[in-house]
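Student: Just start-v5.pdb, nothing more (PDB, C-alpha atoms, pLDDT in the B column):
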ATOM      1  CA  MET A 122     -26.361   6.221   0.083  1.00 85.00           C
ATOM      2  CA  SER A 123     -23.318   4.133  -0.961  1.00 94.00           C
ATOM      3  CA  LEU A 124     -20.689   3.005   1.527  1.00 96.00           C
ATOM      4  CA  LEU A 125     -18.205   5.469   0.054  1.00 96.00           C
ATOM      5  CA  GLU A 126     -20.643   8.381   0.345  1.00 95.00           C
ATOM      6  CA  THR A 127     -21.404   7.377   3.929  1.00 94.00           C
ATOM      7  CA  TRP A 128     -17.673   7.248   4.752  1.00 95.00           C
ATOM      8  CA  ARG A 129     -16.947  10.602   3.145  1.00 94.00           C
ATOM      9  CA  ASN A 130     -19.923  12.193   4.888  1.00 93.00           C
ATOM     10  CA  LEU A 131     -18.706  10.841   8.224  1.00 90.00           C
ATOM     11  CA  ALA A 132     -15.077  11.841   7.634  1.00 91.00           C
ATOM     12  CA  TYR A 133     -15.367  15.169   5.849  1.00 89.00           C
ATOM     13  CA  GLU A 134     -18.828  16.687   6.071  1.00 79.00           C
ATOM     14  CA  GLN A 135     -20.016  15.917   9.555  1.00 74.00           C
ATOM     15  CA  GLU A 136     -20.130  18.818  11.975  1.00 82.00           C
ATOM     16  CA  MET A 137     -17.411  18.208  14.590  1.00 83.00           C
ATOM     17  CA  ASP A 138     -15.635  20.515  16.958  1.00 87.00           C
ATOM     18  CA  ASP A 139     -11.845  20.660  16.662  1.00 87.00           C
ATOM     19  CA  GLN A 140     -11.214  18.198  19.472  1.00 90.00           C
ATOM     20  CA  LYS A 141     -13.585  15.568  18.031  1.00 90.00           C
ATOM     21  CA  TYR A 142     -12.146  16.146  14.564  1.00 90.00           C
ATOM     22  CA  GLN A 143      -8.588  15.613  15.826  1.00 91.00           C
ATOM     23  CA  MET A 144      -9.630  12.486  17.761  1.00 93.00           C
ATOM     24  CA  PHE A 145     -11.497  11.057  14.751  1.00 93.00           C
ATOM     25  CA  TRP A 146      -8.488  11.392  12.454  1.00 94.00           C
ATOM     26  CA  ALA A 147      -5.929  10.275  15.063  1.00 95.00           C
ATOM     27  CA  THR A 148      -7.952   7.106  15.624  1.00 96.00           C
ATOM     28  CA  TYR A 149      -8.393   6.541  11.886  1.00 96.00           C
ATOM     29  CA  PHE A 150      -4.675   7.069  11.139  1.00 96.00           C
ATOM     30  CA  ASN A 151      -3.764   4.561  13.849  1.00 96.00           C
ATOM     31  CA  PHE A 152      -6.075   1.949  12.279  1.00 97.00           C
ATOM     32  CA  GLU A 153      -4.762   2.815   8.813  1.00 97.00           C
ATOM     33  CA  LYS A 154      -1.174   2.330   9.969  1.00 97.00           C
ATOM     34  CA  GLY A 155      -2.048  -1.140  11.282  1.00 97.00           C
ATOM     35  CA  VAL A 156      -3.586  -2.118   7.930  1.00 97.00           C
ATOM     36  CA  TYR A 157      -0.548  -0.900   5.975  1.00 98.00           C
ATOM     37  CA  GLU A 158       1.847  -2.702   8.305  1.00 98.00           C
ATOM     38  CA  GLN A 159       0.050  -5.927   7.388  1.00 97.00           C
ATOM     39  CA  ILE A 160      -0.432  -5.412   3.646  1.00 97.00           C
ATOM     40  CA  LEU A 161       3.142  -4.214   3.126  1.00 97.00           C
ATOM     41  CA  ALA A 162       4.436  -7.317   4.916  1.00 96.00           C
ATOM     42  CA  SER A 163       2.139  -9.699   2.992  1.00 95.00           C
ATOM     43  CA  LYS A 164       3.769 -11.783   0.263  1.00 92.00           C
ATOM     44  CA  GLU A 165       0.459 -12.086  -1.630  1.00 94.00           C
ATOM     45  CA  PRO A 166      -1.972  -9.320  -2.599  1.00 95.00           C
ATOM     46  CA  VAL A 167      -4.701  -8.920   0.026  1.00 96.00           C
ATOM     47  CA  SER A 168      -8.234  -9.414  -1.284  1.00 97.00           C
ATOM     48  CA  GLY A 169     -11.728 -10.364  -0.157  1.00 97.00           C
ATOM     49  CA  THR A 170     -15.102  -8.758   0.328  1.00 97.00           C
ATOM     50  CA  VAL A 171     -15.164  -5.389   2.049  1.00 97.00           C
ATOM     51  CA  LYS A 172     -16.761  -7.048   5.099  1.00 98.00           C
ATOM     52  CA  GLU A 173     -14.156  -9.860   5.168  1.00 98.00           C
ATOM     53  CA  LEU A 174     -11.300  -7.345   5.032  1.00 98.00           C
ATOM     54  CA  ALA A 175     -12.864  -5.243   7.795  1.00 98.00           C
ATOM     55  CA  ASP A 176     -13.107  -8.368   9.966  1.00 98.00           C
ATOM     56  CA  ARG A 177      -9.579  -9.497   9.024  1.00 97.00           C
ATOM     57  CA  PHE A 178      -8.074  -6.145  10.072  1.00 97.00           C
ATOM     58  CA  GLY A 179     -10.380  -5.709  13.085  1.00 97.00           C
ATOM     59  CA  LEU A 180     -12.005  -2.568  11.701  1.00 97.00           C
ATOM     60  CA  GLU A 181     -15.504  -1.212  11.482  1.00 97.00           C
ATOM     61  CA  LEU A 182     -16.896  -1.470   7.971  1.00 97.00           C
ATOM     62  CA  LEU A 183     -16.765   2.290   7.287  1.00 96.00           C
ATOM     63  CA  THR A 184     -13.167   2.530   8.500  1.00 97.00           C
ATOM     64  CA  MET A 185     -12.247  -0.203   6.006  1.00 98.00           C
ATOM     65  CA  VAL A 186     -14.047   1.799   3.304  1.00 97.00           C
ATOM     66  CA  GLY A 187     -11.848   4.779   4.248  1.00 97.00           C
ATOM     67  CA  VAL A 188      -8.704   2.663   3.853  1.00 97.00           C
ATOM     68  CA  LEU A 189      -9.924   1.378   0.475  1.00 98.00           C
ATOM     69  CA  ASP A 190     -10.694   4.953  -0.591  1.00 97.00           C
ATOM     70  CA  GLY A 191      -7.186   6.023   0.397  1.00 96.00           C
ATOM     71  CA  ILE A 192      -5.324   3.232  -1.390  1.00 97.00           C
ATOM     72  CA  ASN A 193      -7.460   3.059  -4.544  1.00 97.00           C
ATOM     73  CA  ASP A 194      -5.291   5.433  -6.621  1.00 96.00           C
ATOM     74  CA  SER A 195      -2.251   3.259  -5.856  1.00 97.00           C
ATOM     75  CA  LEU A 196      -3.700  -0.078  -6.963  1.00 97.00           C
ATOM     76  CA  LYS A 197      -2.719  -1.974 -10.088  1.00 97.00           C
ATOM     77  CA  THR A 198      -6.446  -2.317 -10.815  1.00 96.00           C
ATOM     78  CA  PRO A 199      -8.660   0.198  -8.976  1.00 96.00           C
ATOM     79  CA  ASN A 200     -11.637  -1.138  -7.045  1.00 97.00           C
ATOM     80  CA  PRO A 201     -15.221  -0.007  -7.828  1.00 96.00           C
ATOM     81  CA  ILE A 202     -15.304   2.053  -4.637  1.00 96.00           C
ATOM     82  CA  GLU A 203     -18.149   4.307  -5.763  1.00 96.00           C
ATOM     83  CA  THR A 204     -20.556   1.383  -6.060  1.00 96.00           C
ATOM     84  CA  MET A 205     -19.203  -1.203  -3.606  1.00 96.00           C
ATOM     85  CA  ASP A 206     -21.200  -2.686  -0.782  1.00 96.00           C
ATOM     86  CA  GLU A 207     -20.024  -4.936   2.021  1.00 96.00           C
ATOM     87  CA  ASN A 208     -20.165  -8.002  -0.273  1.00 97.00           C
ATOM     88  CA  THR A 209     -18.099  -6.485  -3.099  1.00 97.00           C
ATOM     89  CA  VAL A 210     -14.846  -8.377  -3.681  1.00 97.00           C
ATOM     90  CA  VAL A 211     -11.928  -5.946  -3.645  1.00 97.00           C
ATOM     91  CA  SER A 212      -8.181  -6.292  -4.023  1.00 97.00           C
ATOM     92  CA  MET A 213      -5.407  -4.315  -2.387  1.00 97.00           C
ATOM     93  CA  ASP A 214      -2.820  -5.315  -5.025  1.00 97.00           C
ATOM     94  CA  PHE A 215      -0.789  -2.106  -4.993  1.00 97.00           C
ATOM     95  CA  ASP A 216       1.937  -0.695  -7.202  1.00 97.00           C
ATOM     96  CA  LYS A 217       4.642  -0.258  -4.552  1.00 97.00           C
ATOM     97  CA  GLU A 218       6.355   2.761  -6.130  1.00 97.00           C
ATOM     98  CA  LEU A 219       3.078   4.542  -6.818  1.00 97.00           C
ATOM     99  CA  LEU A 220       1.831   3.804  -3.302  1.00 97.00           C
ATOM    100  CA  TYR A 221       5.045   5.178  -1.789  1.00 97.00           C
ATOM    101  CA  LYS A 222       4.840   8.387  -3.859  1.00 97.00           C
ATOM    102  CA  ASN A 223       1.138   8.837  -3.028  1.00 96.00           C
ATOM    103  CA  MET A 224       1.935   8.498   0.681  1.00 97.00           C
ATOM    104  CA  VAL A 225       4.617  11.175   0.311  1.00 96.00           C
ATOM    105  CA  ALA A 226       2.164  13.410  -1.584  1.00 95.00           C
ATOM    106  CA  ALA A 227      -0.403  12.955   1.201  1.00 95.00           C
ATOM    107  CA  LYS A 228       2.268  13.879   3.764  1.00 95.00           C
ATOM    108  CA  ALA A 229       1.524  10.575   5.519  1.00 96.00           C
ATOM    109  CA  GLU A 230       4.904  10.228   7.209  1.00 96.00           C
ATOM    110  CA  TRP A 231       3.479   7.597   9.582  1.00 95.00           C
ATOM    111  CA  LEU A 232       2.978   5.409   6.481  1.00 97.00           C
ATOM    112  CA  TYR A 233       5.935   6.051   4.186  1.00 96.00           C
ATOM    113  CA  THR A 234       8.378   5.602   7.074  1.00 97.00           C
ATOM    114  CA  LEU A 235       7.047   2.181   8.114  1.00 97.00           C
ATOM    115  CA  PRO A 236       9.850  -0.384   8.481  1.00 97.00           C
ATOM    116  CA  GLN A 237       7.956  -2.790   6.183  1.00 97.00           C
ATOM    117  CA  TRP A 238       9.078  -0.645   3.234  1.00 97.00           C
ATOM    118  CA  ASP A 239      12.651  -1.921   3.758  1.00 97.00           C
ATOM    119  CA  ALA A 240      11.702  -5.301   2.272  1.00 96.00           C
ATOM    120  CA  LEU A 241       9.906  -3.722  -0.697  1.00 96.00           C
ATOM    121  CA  LEU A 242      12.104  -0.795  -1.772  1.00 96.00           C
ATOM    122  CA  ASP A 243      15.729  -0.134  -0.930  1.00 96.00           C
ATOM    123  CA  ALA A 244      16.690   3.136   0.754  1.00 96.00           C
ATOM    124  CA  ASP A 245      18.074   4.694  -2.454  1.00 97.00           C
ATOM    125  CA  THR A 246      14.871   3.930  -4.371  1.00 97.00           C
ATOM    126  CA  ARG A 247      12.719   5.385  -1.580  1.00 97.00           C
ATOM    127  CA  LYS A 248      14.896   8.496  -1.499  1.00 97.00           C
ATOM    128  CA  ALA A 249      14.599   8.909  -5.290  1.00 97.00           C
ATOM    129  CA  LEU A 250      10.814   8.401  -5.193  1.00 96.00           C
ATOM    130  CA  TYR A 251      10.506  10.899  -2.332  1.00 96.00           C
ATOM    131  CA  LYS A 252      12.515  13.474  -4.254  1.00 95.00           C
ATOM    132  CA  GLU A 253      10.592  12.819  -7.491  1.00 94.00           C
ATOM    133  CA  GLN A 254       7.257  13.319  -5.712  1.00 94.00           C
ATOM    134  CA  LYS A 255       8.363  16.486  -3.922  1.00 91.00           C
ATOM    135  CA  LEU A 256       9.752  17.975  -7.162  1.00 89.00           C
ATOM    136  CA  SER A 257       6.530  17.169  -9.029  1.00 87.00           C
ATOM    137  CA  THR A 258       4.698  19.717  -6.886  1.00 81.00           C
ATOM    138  CA  THR A 259       7.421  22.374  -6.921  1.00 74.00           C
ATOM    139  CA  VAL A 260       6.673  25.427  -9.040  1.00 74.00           C
ATOM    140  CA  VAL A 261       9.602  26.459 -11.220  1.00 71.00           C
ATOM    141  CA  HIS A 262       9.547  29.920 -12.771  1.00 69.00           C
ATOM    142  CA  THR A 263      10.817  29.751 -16.329  1.00 74.00           C
ATOM    143  CA  GLN A 264      10.829  33.450 -17.177  1.00 74.00           C
ATOM    144  CA  PRO A 265      14.184  35.136 -16.716  1.00 79.00           C
ATOM    145  CA  LYS A 266      14.447  37.774 -14.031  1.00 85.00           C
ATOM    146  CA  VAL A 267      14.026  41.324 -15.291  1.00 86.00           C
ATOM    147  CA  GLY A 268      17.145  43.437 -14.727  1.00 88.00           C
ATOM    148  CA  ARG A 269      16.755  46.925 -13.259  1.00 87.00           C
ATOM    149  CA  ASN A 270      17.972  48.592 -16.473  1.00 91.00           C
ATOM    150  CA  ASP A 271      15.989  46.317 -18.841  1.00 89.00           C
ATOM    151  CA  PRO A 272      12.859  47.638 -20.567  1.00 90.00           C
ATOM    152  CA  CYS A 273       9.836  47.162 -18.320  1.00 89.00           C
ATOM    153  CA  PRO A 274       7.820  44.028 -19.287  1.00 86.00           C
ATOM    154  CA  CYS A 275       4.568  46.019 -18.946  1.00 87.00           C
ATOM    155  CA  GLY A 276       5.323  47.656 -22.313  1.00 87.00           C
ATOM    156  CA  SER A 277       5.608  51.284 -21.121  1.00 89.00           C
ATOM    157  CA  GLY A 278       8.997  51.758 -22.791  1.00 89.00           C
ATOM    158  CA  LYS A 279      10.550  52.895 -19.502  1.00 91.00           C
ATOM    159  CA  LYS A 280      13.349  51.119 -17.707  1.00 91.00           C
ATOM    160  CA  TYR A 281      12.069  48.576 -15.195  1.00 89.00           C
ATOM    161  CA  LYS A 282      13.652  50.503 -12.257  1.00 89.00           C
ATOM    162  CA  LYS A 283      11.694  53.650 -13.212  1.00 91.00           C
ATOM    163  CA  CYS A 284       8.396  51.832 -13.838  1.00 90.00           C
ATOM    164  CA  CYS A 285       7.076  48.645 -12.216  1.00 87.00           C
ATOM    165  CA  GLY A 286      10.366  47.947 -10.452  1.00 81.00           C
ATOM    166  CA  ALA A 287      10.176  51.223  -8.531  1.00 78.00           C
ATOM    167  CA  ASN A 288       7.702  49.654  -6.110  1.00 72.00           C
ATOM    168  CA  ALA A 289       9.599  46.380  -5.747  1.00 61.00           C
TER
END
Written as structure tokens, that's how I'd like the structure from this file.
Tutor:
Amino acid sequence: MSLLETWRNLAYEQEMDDQKYQMFWATYFNFEKGVYEQILASKEPVSGTVKELADRFGLELLTMVGVLDGINDSLKTPNPIETMDENTVVSMDFDKELLYKNMVAAKAEWLYTLPQWDALLDADTRKALYKEQKLSTTVVHTQPKVGRNDPCPCGSGKKYKKCCGANA
């Protein structure tokens, strides 16, 4: 089983009661926050083997795999996370705007509100990215509203108020 499969099995498929589940994710999110505080503050892209990065951030190997899984869609060049082992060299060279929007999409407020963002994106840019991400998942109905005296859209030939609109 690959490292990624092992991580996902541990995080998502393992049988846990609610309390253990909540504790697992609270602990993970705390570790994740610590990693992001460091990589957002770093002037150079963070890279190394999976094992070296786990040691650098003080994480267990599988927790580091979870962080790499989470950031992979926000990297300039994605890592081979499906096939990596502890000796695979990976990079955490992220696209800052994409990473910010992905954090908003994941509802990871503990990450997109980190003070380290201040040095990377100004407040107006963050606000615009937040709004853009939120609007990208908003459903907008494009069909005009049917008036009560308009013909019913079901094709009966009756007025909407006397047909399908009678139950509305």
Student: Atom CA of A:Ala249 to atom CA of A:Glu230: how many Å, to one decimal?
Tutor: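 Between these atoms lies a distance of 15.9 Å.
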Student: Counting all atoms listed in the file, which residue out of A:Leu256, A:Cys285, A:Val188, A:Met144 sits closest to A:Gly268?
Tutor: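 Distance minimum relative to A:Gly268 lands on A:Cys285.
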Student: Taking 5 positions as the minimum chain separation for residues in the same chain, which residues sit within 12 Å of A:Ala240 when counting only C-alpha atoms? Answer as a PyMOL selection string.
Tutor: chain A and resi 158+161-164+217+235+246-247
Student: Care to translate the PyMOL selection byres ((chain A and resi 131) around 12) into actual residues of this file, as a ChimeraX atom specification?
Tutor: /A:124-130,132-137,142,145-146,149,183-184,186-187
Student: So how far away is atom CA of A:Val210 from atom CA of A:Glu173, in Å?
Tutor: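 Atom-to-atom, atom CA of A:Glu173 to atom CA of A:Val210, that is 9.0 Å.
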Student: Could you tell me, as a count of residues only, exactly which residues end up selected when the PyMOL selection byres ((chain A and resi 170) around 8) is applied to this structure?
Tutor: 11
Student: In Å, how far is it from atom CA of A:Ala175 to atom CA of A:Pro236?
Tutor: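 Between atom CA of A:Ala175 and atom CA of A:Pro236 the gap is 23.2 Å.
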Student: Leaving out A:Leu232 and any residue of its chain fewer than 3 positions from it, which residues lie within 8 Å of it when counting all atoms listed in the file, given as a PyMOL selection string?
Tutor: chain A and resi 154+157+224+229+235
Student: Taking into account all atoms listed in the file, which residue in the set A:Asn193, A:Ser123, A:Thr198, A:Gln237 is nearest to A:Ile160?
Tutor: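 The closest residue to A:Ile160 is A:Gln237.
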Student: Report the centre and edge lengths, in Å to one decimal, of an axis-aligned box enclosing every atom of stretch 153-159 of chain A listed in the file, padded by 3 Å on each side, as lines of an AutoDock Vina configuration file.
Tutor:
center_x = -1.5
center_y = -1.6
center_z = 8.6
size_x = 12.6
size_y = 14.7
size_z = 11.3
Student: Residues around (7.4, 17.7, -3.8), cut-off 12 Å, counting only C-alpha atoms - what are they as a list in words?
Tutor: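 Counting only C-alpha atoms, I find these residues within 12 Å of (7.4, 17.7, -3.8): Lys222, Asn223, Met224, Val225, Ala226, Ala227, Lys228, Ala249, Leu250, Tyr251, Lys252, Glu253, Gln254, Lys255, Leu256, Ser257, Thr258, Thr259, Val260 and Val261 of chain A.
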